[in-house]
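Asker: Below you will find the structure I want to go over with you.
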Amino acid sequence: MSSNKSNTRKSMLFRTTVVFSGMLVFAGFVVYTLFNIQFVEGAKWRALADSLSTKVFAIEAVRGNIFDCKGNLLATSLPIYDVRLDAQSPAFMDEELFLNNIDSLSFGLSEIFKDKPARYYKNLLVQTKNAGNRYFLFKRKISYNQMQAMRKLPLFNLGKYKGGLMVNERTRREKPFGMLAERTIGFKQEEGAVRVGLEGYFDKHLGGKSGKRVMQRIAGGTYIPIDDELMIDAQQGRDIVTTIDINLQDVAEQALHANLLENDADYGTAILMEVATGEIKAIANLTREAEGVYQEKYNYAVGESVEPGSTFKLVSAMALLTDGYMAPTDNVDTEGGQMRFCNLTMKDSHLGSGVISFQEAFEHSSNVAFAKLMQKNYNKNPEKIYAHYKNLGITEKLDFQLAGVGAPVVKGPNNKSWSCTSLPYMAIGYELQITPLQLLTVYNTIANNGVYVKPILVKRIEQAGKIIQEFPYTVLNAAVCSPAVAKQLQSMMEGVVLHGTASSLKSSFYSYAGKTGTAVIANRGKGYLAGGGKSYRASFCGYFPAENPKYSCMVLISRPRKDNYYASKVALPVFKEIADKVYASALNLHRELKFTQKILSNDLPHVALAEKNELKLVLDHVKLSSHYHNDSIHQDESEWVSGLVQDNSVAMEPQLFNLYAMPDVRGMGAKDVLYLLEQKGFRVELVGVGKVKKQSVLPGTKLIKKQLIQLYLG
């Protein structure tokens with residue numbers, strides 16, 4: 001019995017010793033581990049802790065601006081702000097301070113945002129305070145003025161750390177002119193790699209360089225800024241200056257939009273280029289979204305390769321003239337306006353009567369004449385005509401300052417799709433595809449006397465007003481054709497407007513030249529005939545003024561749904577409206593008007609136009625003889641007179657003005673002309689000093705109230 005008790009005691013003592021020893025070993029291990037973590041590996045673990053609780057965030061750079069050629073903003077970045085509240089700041093933690101200011105603060109917020117009553121903001125602020133949220137998102141995307149007004153409110157005016165108001169600045173891209181040139185200006189998606197237009201092509205310049213900010217994670221997984229001293233500022237993007245003139249862009253888009261609405265067409269594009277420099281002044285693209293609704297959805301001018309139709313006959317004419325096969329006065333038999341090529345019959349829109357001149361074939365757009373001439377002269381040596389295509393640069397994709405430039409399809413005789421119909425049908429703009437901008441460069445080259453200049457859309461890149469890079473005009477080919485051939489082609493295009501397919505819209509005030517084109521469209525895998533009908537693409541390409549080309553212009557309208565589908569009825573009116581408005585606003589395009597009055601004496605003054613009583617007073621003062629011309633019966637009806645020298649005396653002839661017609665004011669002084677025109681309700685803009693030398697509105701032109709009239713003095 002005693003022995004059993006002794007054994008039990010020993011067993012318990014052993015177990016106790018083992019457990020105690022184990023506890024001592026475990027405690028020693030814990031102490032050792034704590035010592036090792038705290039002192040031996042302390043720096044390592046502290047760095048790891050910091051890395052888990054802090055994070056470096058990128059600061060978005062302010063994107064550069066896009067300007068038109070006159071400094072108007074086409075795209076800019078406006079600051080917007082996200083506002084958060086720190087409910088553990090002194091302003092929220094101090095009960096008395098918070099309660100004394102909550103009503104004023106709530107009322108101020110309601111007045112700034114005008115979206116909720118003051119009681120809403122009061123409840124929100126109280127809830128935020130009670131929750132103790134250190135980074136509560138209060139408002140998104142507020143304006144700069146709203147942000148500044150918030151900082152002046154009670155509590156928030158104590159500053160970032162005491163007042164609990166935390167502001168994070170971002171930017172929003174804005175286009176001040178809305179849809180104007182929207183697709184050309186383009187965009188860059190915040191997420192993903194989609195880049196469109198100038199925003200995409202020049203993204204590396206516009207984007208700038210992001211900055212860095214260290215932020216700390218707090219309860220709930222939210223990150224808050226630590227210290228502004230740990231921030232690396234972002235570098236603002238560069239600005240780009242384009243060749244676009246927003247006023248001319250507006251003219252092009254308005255004219256195009258009105259025409260698309262009238263004809264209910266699928267889409268349209270219009271391009272305006274400066275002849276000498278290749279600068280694109282306007283580029284409009286509109287797509288039909290629904291009946292009566294058009295948007296800038298795709299840049300057809302640059303990205304869409306299409307069969308140009310009869311506008312391509314200019315290229316064929318250039319080749320025939322250059323190679324000496326034809327002269328404008330040479331004759332060609334149009335075979336009655338119908339001729340068969342291989343297994344296809346080609347017809348003219350209006351069946352011809354037989355033999356016509358090459359000039360007439362161009363003016364009236366004879367398909368048979370051009371197809372026949374090309375087949376006759378290049379059938380044995382098609383490489384020769386393909387060399388002309390290469391010389392014009394239309395066999396390769398255009399080097400242009402936008403992404404997504406369309407690739408041309410201009411086949412040569414070695415192409416596997418070349419057939420016996422290729423030569424005659426390419427002559428009239430089928431079996432090949434080029435972009436509208438490429439075709440415009442061809443016409444621009446002829447207007448420029450055979451000098452092919454590269455089209456450009458951006459003139460320079462700037463940083464804080466300093467020029468970083470310039471894009472000067474570049475001559476790609478100094479002699480696409482000889483000046484003599486260019487002059488012949490210019491004359492032929494003038495003939496189109498004076499006598500041919502564009503003669504319905506001749507202008508009495510200025511001259512222009514060009515070529516119409518009405519192409520039948522192949523309907524998506526169904527050929528040129530689908531559903532018993534045809535679809536058309538109407539275009540007009542040309543330049544103005546004809547005698548001294550300043551601008552070239554291309555207009556294309558695809559699939560008009562109305563009865564009119566010919567280019568002269570669909571595309572030409574858009575060209576004409578653009579040219580009219582450009583001409584009206586550009587005095588340098590106007591022809592010089594000659595004076596018809598003759599000065600009969602060198603001793604007496606000739607007076608173009610003056611106020612009757614003032615002129616009489618001046619003449620009497622300097623003792624010069626004057627009288628009313630032929631005792632005019634209108635001398636009491638008009639306060640304005642002109643003065644001619646007659647029998648050693650100044651004969652004053654009364655001038656009666658039609659309220660709605662523009663008078664001839666050349667020779668008048670600034671004071672008189674302002675009085676004359678402004679009293680009739682017109683707006684007058686004077687340039688220079690002296691007497692009127694030029695006027696933007698021709699004499700006799702019908703005027704409307706508040707119309708702007710520009711006068712050049714000298």
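Residue numbers start at 1 in each chain; chains themselves are named A, B, ... in the order of the structure tokens; ligands are numbered from 1 in the order shown.
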Give me the residues near segment 247-250 of chain A as a ChimeraX atom specification, where near means some atom within 8 Å (using only C-alpha atoms) and where sequence neighbours in that chain fewer than 5 positions away do not count.
Answerer: /A:180-181,281-284,582
Asker: Include N, CA and C atoms and write out the residues we just selected as a tab-separated table (two decimals), in the first residue's frame.
Answerer:
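Listed below is the output, out_6.tsv:
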chain	number	residue	atom	x	y	z
A	180	LEU	N	-17.58	69.87	-83.33
A	180	LEU	CA	-16.71	70.35	-84.41
A	180	LEU	C	-15.38	69.60	-84.41
A	181	ALA	N	-15.09	68.95	-85.51
A	181	ALA	CA	-13.84	68.18	-85.69
A	181	ALA	C	-13.65	67.14	-84.60
A	281	LYS	N	-7.39	72.88	-93.29
A	281	LYS	CA	-8.10	73.94	-92.57
A	281	LYS	C	-9.43	73.46	-91.98
A	282	ALA	N	-10.01	72.44	-92.57
A	282	ALA	CA	-11.25	71.87	-92.04
A	282	ALA	C	-11.35	70.43	-92.51
A	283	ILE	N	-11.90	69.58	-91.65
A	283	ILE	CA	-12.09	68.18	-92.01
A	283	ILE	C	-13.31	67.67	-91.25
A	284	ALA	N	-14.42	67.56	-91.97
A	284	ALA	CA	-15.70	67.20	-91.36
A	284	ALA	C	-16.11	65.79	-91.77
A	582	VAL	N	-16.09	80.96	-97.36
A	582	VAL	CA	-14.66	81.25	-97.23
A	582	VAL	C	-14.33	82.52	-98.01
Asker: Excluding Glu111 of chain A and its own-chain neighbours fewer than 4 positions away, which residues fall within 12 Å of it when counting only C-alpha atoms? Please give them as a VMD selection string.
Answerer: chain A and resid 104 to 107 115 to 118 121 146 149 to 150 153
Asker: Of the candidates A:Tyr443, A:Phe312, A:Phe509, A:Tyr294, which shows the shortest atom-to-atom distance to Tyr583 of chain A, using only C-alpha atoms?
Answerer: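 Checking each candidate against Tyr583 of chain A, we get A:Phe509 as the closest.
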Asker: I'd like the interatomic distance between atom CA of Lys380 of chain A and atom CA of Leu314 of chain A, to a tenth of an Å.
Answerer: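 About the pair atom CA of Lys380 of chain A and atom CA of Leu314 of chain A: they are 21.7 Å apart.
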Asker: Any idea what's packed within 7 Å of segment 568-581 of chain A, counting only C-alpha atoms, ignoring anything in its chain fewer than 6 positions away? Could you give it as a ChimeraX atom specification?
Answerer: /A:251-252,255-256,259,501-502,516,538-540,553,555-557
Asker: Pick the closest to Gln127 of chain A from A:Val315, A:Ala327, A:Ala87, A:Leu78: which is it, counting only C-alpha atoms?
Answerer: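 Between A:Val315, A:Ala327, A:Ala87, A:Leu78, the residue approaching Gln127 of chain A most closely is A:Ala87.
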Asker: Quick one: residues within 7 Å of segment 297-311 of chain A, only C-alpha atoms, excluding same-chain residues fewer than 5 positions away - as JSON, numbers by chain?
Answerer: {"A": [183, 184, 269, 285, 286, 287, 365, 404, 405, 406, 407, 408, 428, 429, 430, 432, 433, 434, 435, 436, 437, 515, 516, 517, 518, 519, 541]}
